[in-house]
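S.K.: Sharing a structure with you now.
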Amino acid sequence: MNNYFSIADIDNVEDWVDQAIALKKEPLQDKKLGEDKTIGLLFFNPSLRTRLSTQKAALNLGMNVMVMNFTGEGWSLEYGDGTIMDQGNSEHVKEAAQVVSQYCDILAIRVFAHLKDKEEDYSEKVLKSFMEYATIPVVNMESATGHPLQALTDAITITEHKKKEKPKVVLSWAPHPKALPQAVANSFVEMMQRMDAHFVITHPKGYELASQITKEVPIDYNQENAFKDADFIYVKNWSAYQDYGKVLSTDADWKITEDKMKLTNQAKFMHCLPVRRNVVVDDAVIESEDAIVIQQANNRTYAAQLVLKKILKGLK
Ligand code: CP
């Protein structure tokens, strides 16, 4: 494998999940694989889990790790072809990507949507520019439109916790005061379409995700109806896709409560974190025995480790 840009880079989800679970049982089994290899992690946005779990994964593989908070510490980058660079941007991505490629063997990048221009965000300008000009593999640590490391983590977590072959999985929108990208929801939707699950999305009208991503997945605008008999409730806020980047509702009626969880088949509560307690989900739910958010976050390491292992094998 070369780049890990989206879950389309996963050839067989079931195989990958099995391999990640095997890595989790023996995380140091490939300690020699990454010897004398370096990963560079470039963050254009904040992170706790992605930053530390990807570092942990690389260390488990024996790699060296370099981390840079690009926004604030790096030069502001230009992406346009033929731009006369007499304004704010100091360095072109063409040089930046090639230079970093000389210091590292793998490059991982986090760069969120700006939520101002749908076409620009959905073109994945930043990540795709790095992929074009870097001469080393590039890993997506959450881009404008996708979070494929999170989606692989979620597939691992659902597989570990499911009690039936084809569980009912509900992706529920929940309120949030700020405009958040659609990336996590997009990748989760794509992943659920590749898993054996009865999958339903629930959100208020106006929050439809891109139809090229949701395809035939059923959407239920009645959250309580969607929750009935669910085995997994996966909660995430996202801003509107049609009325791009807008917060159309902060309706507290969509918050995840104990009463709503009682409608489910004692569903496991999942969230990628960070989560705003008592806005997105009540304390009583996230602190319940059915919340698996901490276990879910732990699986970030093994998702990242599997991806890096596959890329390292391609380098040999
Ligand atoms: N879920 C997730 O990506 O967490 P961070 O933003 O903390 O990395």
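The way I read the labels, and the way they are meant: chains A, B, ... in the order of the structure tokens, residue 1 as the first residue of every chain, and ligand 1 as the first ligand shown, with later ones counted on from there.
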For ligand 1, collect every residue having any atom at a distance of at most 10 Å from a ligand atom (counting only C-alpha atoms and all ligand atoms); output as a PyMOL selection string.
M.R.: chain A and resi 43+45-54+110+141-142+147-151+153+184+271-275+293+296-297+300
S.K.: What lies within 12 Å of Ala155 in chain A using only C-alpha atoms, ignoring chain neighbours under 6 positions off, as a ChimeraX atom specification?
M.R.: /A:7,10,12-18,20-21,148-149,161-162,169,187-197,232,234,270,296,299-300,302-303
S.K.: If DSSP is run on the backbone, what residues of range 35-237 of chain A are alpha helix (DSSP H)? A reply as an MDAnalysis selection string would be ideal.
M.R.: chainID A and resid 49:60 70:73 93:103 118:122 125:133 148:161 183:193 211:214 223:227
S.K.: Rounded to one decimal place, report the CA of Ile213 in chain A-CA of Asp154 in chain A distance in Å.
M.R.: 17.3 Å
S.K.: Using only C-alpha atoms, which of A:Leu209, A:Val99, A:Val281, A:Leu28 sits nearest Gln242 in chain A?
M.R.: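 That would be A:Leu209, the residue with the smallest distance to Gln242 in chain A.
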S.K.: In Å, how far is it from CA of Leu312 in chain A to CA of Ile158 in chain A?
M.R.: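 Between CA of Leu312 in chain A and CA of Ile158 in chain A the gap is 26.7 Å.
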S.K.: Between CA of Ser143 in chain A and CA of Leu107 in chain A, measure the distance and give it in Å to one decimal.
M.R.: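 Computed distance, CA of Ser143 in chain A to CA of Leu107 in chain A, equals 13.6 Å.
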S.K.: Identify, on the basis of only C-alpha atoms, every residue whose closest approach to range 91-97 of chain A does not exceed 10 Å; exclude the query and any residue fewer than 5 positions from it along the same chain; express the result as a short mmCIF file (atom, residue, chain, number, x, y, z; two decimals) with C-alpha atoms, in the first residue's frame.
M.R.:
data_model
loop_
_atom_site.label_atom_id
_atom_site.label_comp_id
_atom_site.auth_asym_id
_atom_site.auth_seq_id
_atom_site.Cartn_x
_atom_site.Cartn_y
_atom_site.Cartn_z
CA GLY A 74 5.23 26.38 9.73
CA TRP A 75 5.28 28.87 6.86
CA SER A 76 1.87 29.63 5.44
CA LEU A 77 1.54 27.59 2.26
CA GLU A 78 0.51 28.50 -1.26
CA TYR A 79 -1.28 25.86 -3.34
CA GLY A 80 -2.11 27.70 -6.57
CA ASP A 81 -0.28 26.98 -9.81
CA THR A 83 0.59 32.27 -8.33
CA MET A 85 3.37 35.03 -4.31
CA GLN A 102 13.74 14.03 2.28
CA LEU A 107 4.14 11.66 6.03
CA VAL A 126 -4.27 20.45 0.86
CA SER A 129 -1.39 18.66 -3.06
CA PHE A 130 0.87 16.94 -0.52
CA MET A 131 0.06 13.58 -2.14
CA GLU A 132 0.95 15.01 -5.54
CA TYR A 133 4.28 16.59 -4.61
CA ALA A 134 5.55 14.35 -1.79
CA THR A 135 7.76 11.48 -2.89
CA ILE A 136 6.81 9.36 0.13
#
S.K.: Just checking: using only C-alpha atoms, which residue out of A:Asn225, A:Asp30, A:Phe199, A:Pro181 ends up closest to Val247 in chain A?
M.R.: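 Counting only C-alpha atoms, the residue closest to Val247 in chain A is A:Pro181.
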S.K.: Using only C-alpha atoms for the distances, tell me which of A:Leu115, A:Asn3, A:Ala284, A:Met261 is nearest to Asn140 in chain A.
M.R.: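 Of A:Leu115, A:Asn3, A:Ala284, A:Met261, the one nearest Asn140 in chain A, counting only C-alpha atoms, is A:Asn3.
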S.K.: Which of these residues is nearest to Lys128 in chain A, using only C-alpha atoms: A:Tyr103, A:Phe5, A:Tyr244, A:Phe70?
M.R.: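 Of all the options, A:Phe5 lies closest to Lys128 in chain A.
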S.K.: Where in range 76-309 of chain A does DSSP assign strand (DSSP E), given as number ranges by chain?
M.R.: A: 77-78, 91-92, 106-110, 138-140, 168-173, 198-202, 219-220, 232-236, 268-270
S.K.: Restrict the selected residues to N, CA and C atoms and save them as a JSON list (two decimals), in the first residue's frame.
M.R.:
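That gives us selection06.json:
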[["chain", "number", "residue", "atom", "x", "y", "z"],
["A", 77, "LEU", "N", 1.28, 28.23, 3.55],
["A", 77, "LEU", "CA", 1.54, 27.59, 2.26],
["A", 77, "LEU", "C", 0.65, 28.12, 1.15],
["A", 78, "GLU", "N", 1.23, 28.16, -0.03],
["A", 78, "GLU", "CA", 0.51, 28.50, -1.26],
["A", 78, "GLU", "C", 0.26, 27.20, -2.03],
["A", 91, "GLU", "N", 5.52, 30.04, 1.34],
["A", 91, "GLU", "CA", 6.16, 28.87, 0.74],
["A", 91, "GLU", "C", 5.13, 28.10, -0.07],
["A", 92, "HIS", "N", 5.58, 27.55, -1.20],
["A", 92, "HIS", "CA", 4.66, 26.76, -2.01],
["A", 92, "HIS", "C", 4.68, 25.30, -1.55],
["A", 106, "ILE", "N", 7.52, 8.32, 5.79],
["A", 106, "ILE", "CA", 6.05, 8.40, 5.69],
["A", 106, "ILE", "C", 5.65, 9.77, 6.23],
["A", 107, "LEU", "N", 4.64, 10.36, 5.59],
["A", 107, "LEU", "CA", 4.14, 11.66, 6.03],
["A", 107, "LEU", "C", 2.66, 11.50, 6.39],
["A", 108, "ALA", "N", 2.27, 11.98, 7.56],
["A", 108, "ALA", "CA", 0.85, 11.94, 7.95],
["A", 108, "ALA", "C", 0.39, 13.38, 8.21],
["A", 109, "ILE", "N", -0.82, 13.68, 7.74],
["A", 109, "ILE", "CA", -1.29, 15.08, 7.77],
["A", 109, "ILE", "C", -2.70, 15.16, 8.32],
["A", 110, "ARG", "N", -2.93, 16.14, 9.20],
["A", 110, "ARG", "CA", -4.29, 16.50, 9.63],
["A", 110, "ARG", "C", -4.59, 17.90, 9.13],
["A", 138, "VAL", "N", 1.64, 9.10, 1.96],
["A", 138, "VAL", "CA", 0.93, 10.10, 2.78],
["A", 138, "VAL", "C", -0.27, 9.42, 3.46],
["A", 139, "VAL", "N", -0.44, 9.70, 4.74],
["A", 139, "VAL", "CA", -1.56, 9.15, 5.52],
["A", 139, "VAL", "C", -2.48, 10.30, 5.94],
["A", 140, "ASN", "N", -3.77, 10.08, 5.79],
["A", 140, "ASN", "CA", -4.79, 11.05, 6.17],
["A", 140, "ASN", "C", -5.12, 10.90, 7.66],
["A", 168, "LYS", "N", -27.81, -3.66, 14.29],
["A", 168, "LYS", "CA", -28.39, -2.39, 13.83],
["A", 168, "LYS", "C", -27.49, -1.26, 14.36],
["A", 169, "VAL", "N", -26.97, -0.47, 13.45],
["A", 169, "VAL", "CA", -26.07, 0.65, 13.78],
["A", 169, "VAL", "C", -26.75, 1.95, 13.36],
["A", 170, "VAL", "N", -26.84, 2.88, 14.30],
["A", 170, "VAL", "CA", -27.48, 4.17, 14.00],
["A", 170, "VAL", "C", -26.44, 5.28, 14.14],
["A", 171, "LEU", "N", -26.28, 6.05, 13.08],
["A", 171, "LEU", "CA", -25.48, 7.27, 13.14],
["A", 171, "LEU", "C", -26.43, 8.41, 13.45],
["A", 172, "SER", "N", -26.26, 9.02, 14.64],
["A", 172, "SER", "CA", -27.16, 10.11, 15.03],
["A", 172, "SER", "C", -26.41, 11.43, 15.10],
["A", 173, "TRP", "N", -26.96, 12.43, 14.43],
["A", 173, "TRP", "CA", -26.53, 13.82, 14.62],
["A", 173, "TRP", "C", -26.93, 14.23, 16.04],
["A", 198, "HIS", "N", -27.19, -3.41, 9.69],
["A", 198, "HIS", "CA", -28.43, -2.72, 9.33],
["A", 198, "HIS", "C", -28.21, -1.27, 9.75],
["A", 199, "PHE", "N", -27.88, -0.42, 8.78],
["A", 199, "PHE", "CA", -27.38, 0.92, 9.07],
["A", 199, "PHE", "C", -28.41, 1.99, 8.75],
["A", 200, "VAL", "N", -28.62, 2.90, 9.70],
["A", 200, "VAL", "CA", -29.59, 3.99, 9.55],
["A", 200, "VAL", "C", -28.92, 5.30, 10.01],
["A", 201, "ILE", "N", -29.23, 6.38, 9.30],
["A", 201, "ILE", "CA", -28.76, 7.71, 9.73],
["A", 201, "ILE", "C", -29.96, 8.50, 10.22],
["A", 202, "THR", "N", -29.77, 9.22, 11.34],
["A", 202, "THR", "CA", -30.85, 10.10, 11.81],
["A", 202, "THR", "C", -30.30, 11.49, 12.10],
["A", 219, "ILE", "N", -32.47, 7.30, 5.76],
["A", 219, "ILE", "CA", -32.40, 8.44, 6.69],
["A", 219, "ILE", "C", -33.74, 8.54, 7.39],
["A", 220, "ASP", "N", -33.71, 8.55, 8.71],
["A", 220, "ASP", "CA", -34.93, 8.68, 9.51],
["A", 220, "ASP", "C", -34.85, 10.03, 10.24],
["A", 232, "PHE", "N", -25.97, -0.36, 18.23],
["A", 232, "PHE", "CA", -24.91, 0.65, 18.39],
["A", 232, "PHE", "C", -25.50, 2.03, 18.06],
["A", 233, "ILE", "N", -25.26, 2.98, 18.95],
["A", 233, "ILE", "CA", -25.61, 4.38, 18.66],
["A", 233, "ILE", "C", -24.28, 5.13, 18.51],
["A", 234, "TYR", "N", -24.03, 5.59, 17.29],
["A", 234, "TYR", "CA", -22.80, 6.32, 16.98],
["A", 234, "TYR", "C", -23.19, 7.79, 16.81],
["A", 235, "VAL", "N", -22.67, 8.63, 17.67],
["A", 235, "VAL", "CA", -23.14, 10.02, 17.72],
["A", 235, "VAL", "C", -22.06, 10.96, 17.20],
["A", 236, "LYS", "N", -22.48, 11.93, 16.41],
["A", 236, "LYS", "CA", -21.53, 12.93, 15.90],
["A", 236, "LYS", "C", -22.33, 14.16, 15.47],
["A", 268, "LYS", "N", -24.65, -0.07, 22.49],
["A", 268, "LYS", "CA", -23.38, 0.53, 22.89],
["A", 268, "LYS", "C", -23.36, 1.96, 22.38],
["A", 269, "PHE", "N", -22.87, 2.87, 23.23],
["A", 269, "PHE", "CA", -22.77, 4.28, 22.84],
["A", 269, "PHE", "C", -21.36, 4.56, 22.35],
["A", 270, "MET", "N", -21.26, 5.08, 21.12],
["A", 270, "MET", "CA", -19.95, 5.39, 20.53],
["A", 270, "MET", "C", -19.88, 6.86, 20.14]]
S.K.: Counting only C-alpha atoms, which of A:Gln223, A:Asn265, A:Asn237, A:Asn2 gets nearest to Asp253 in chain A?
M.R.: A:Gln223
S.K.: Report as number ranges by chain all protein, DNA and RNA residues lying within 10 Å of Arg276 in chain A, evaluated on only C-alpha atoms, omitting residues in the same chain fewer than 6 positions from it.
M.R.: A: 175-177, 282-283
S.K.: Within 10 Å of Ser249 in chain A, counting only C-alpha atoms, which residues show up once you throw out same-chain ones fewer than 3 positions away? Write them as a PDB file with N, CA and C atoms, in the first residue's frame, please.
M.R.:
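Final output, selection.pdb:
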ATOM      1  N   ALA A 174     -26.150  15.100  16.639  1.00  0.00           N
ATOM      2  CA  ALA A 174     -26.498  15.667  17.953  1.00  0.00           C
ATOM      3  C   ALA A 174     -26.080  17.134  17.944  1.00  0.00           C
ATOM      4  N   PRO A 175     -26.676  17.949  18.805  1.00  0.00           N
ATOM      5  CA  PRO A 175     -26.397  19.396  18.730  1.00  0.00           C
ATOM      6  C   PRO A 175     -24.998  19.758  19.197  1.00  0.00           C
ATOM      7  N   HIS A 176     -24.537  20.903  18.703  1.00  0.00           N
ATOM      8  CA  HIS A 176     -23.198  21.406  19.025  1.00  0.00           C
ATOM      9  C   HIS A 176     -23.212  22.903  18.739  1.00  0.00           C
ATOM     10  N   PRO A 177     -22.569  23.704  19.575  1.00  0.00           N
ATOM     11  CA  PRO A 177     -22.646  25.165  19.345  1.00  0.00           C
ATOM     12  C   PRO A 177     -21.824  25.653  18.165  1.00  0.00           C
ATOM     13  N   PRO A 204     -31.755  16.040  11.932  1.00  0.00           N
ATOM     14  CA  PRO A 204     -32.843  16.962  11.562  1.00  0.00           C
ATOM     15  C   PRO A 204     -32.794  17.254  10.064  1.00  0.00           C
ATOM     16  N   LYS A 205     -33.913  17.655   9.502  1.00  0.00           N
ATOM     17  CA  LYS A 205     -33.946  18.042   8.077  1.00  0.00           C
ATOM     18  C   LYS A 205     -32.959  19.186   7.842  1.00  0.00           C
ATOM     19  N   GLY A 206     -32.257  19.125   6.728  1.00  0.00           N
ATOM     20  CA  GLY A 206     -31.251  20.141   6.408  1.00  0.00           C
ATOM     21  C   GLY A 206     -29.833  19.673   6.674  1.00  0.00           C
ATOM     22  N   TYR A 207     -29.706  18.569   7.425  1.00  0.00           N
ATOM     23  CA  TYR A 207     -28.371  18.055   7.756  1.00  0.00           C
ATOM     24  C   TYR A 207     -27.974  16.844   6.907  1.00  0.00           C
ATOM     25  N   SER A 239     -21.887  20.041  10.530  1.00  0.00           N
ATOM     26  CA  SER A 239     -22.593  21.206   9.983  1.00  0.00           C
ATOM     27  C   SER A 239     -23.271  20.797   8.679  1.00  0.00           C
ATOM     28  N   ALA A 240     -24.137  21.681   8.180  1.00  0.00           N
ATOM     29  CA  ALA A 240     -24.917  21.338   6.984  1.00  0.00           C
ATOM     30  C   ALA A 240     -24.016  21.200   5.756  1.00  0.00           C
ATOM     31  N   LYS A 246     -23.079  25.586   7.617  1.00  0.00           N
ATOM     32  CA  LYS A 246     -23.950  26.356   8.533  1.00  0.00           C
ATOM     33  C   LYS A 246     -24.411  25.478   9.716  1.00  0.00           C
ATOM     34  N   ALA A 252     -31.752  21.097  21.535  1.00  0.00           N
ATOM     35  CA  ALA A 252     -31.358  20.189  22.622  1.00  0.00           C
ATOM     36  C   ALA A 252     -32.188  18.908  22.623  1.00  0.00           C
ATOM     37  N   TRP A 254     -32.244  16.879  20.402  1.00  0.00           N
ATOM     38  CA  TRP A 254     -31.454  15.846  19.726  1.00  0.00           C
ATOM     39  C   TRP A 254     -30.295  15.321  20.582  1.00  0.00           C
TER      40      TRP A 254
END
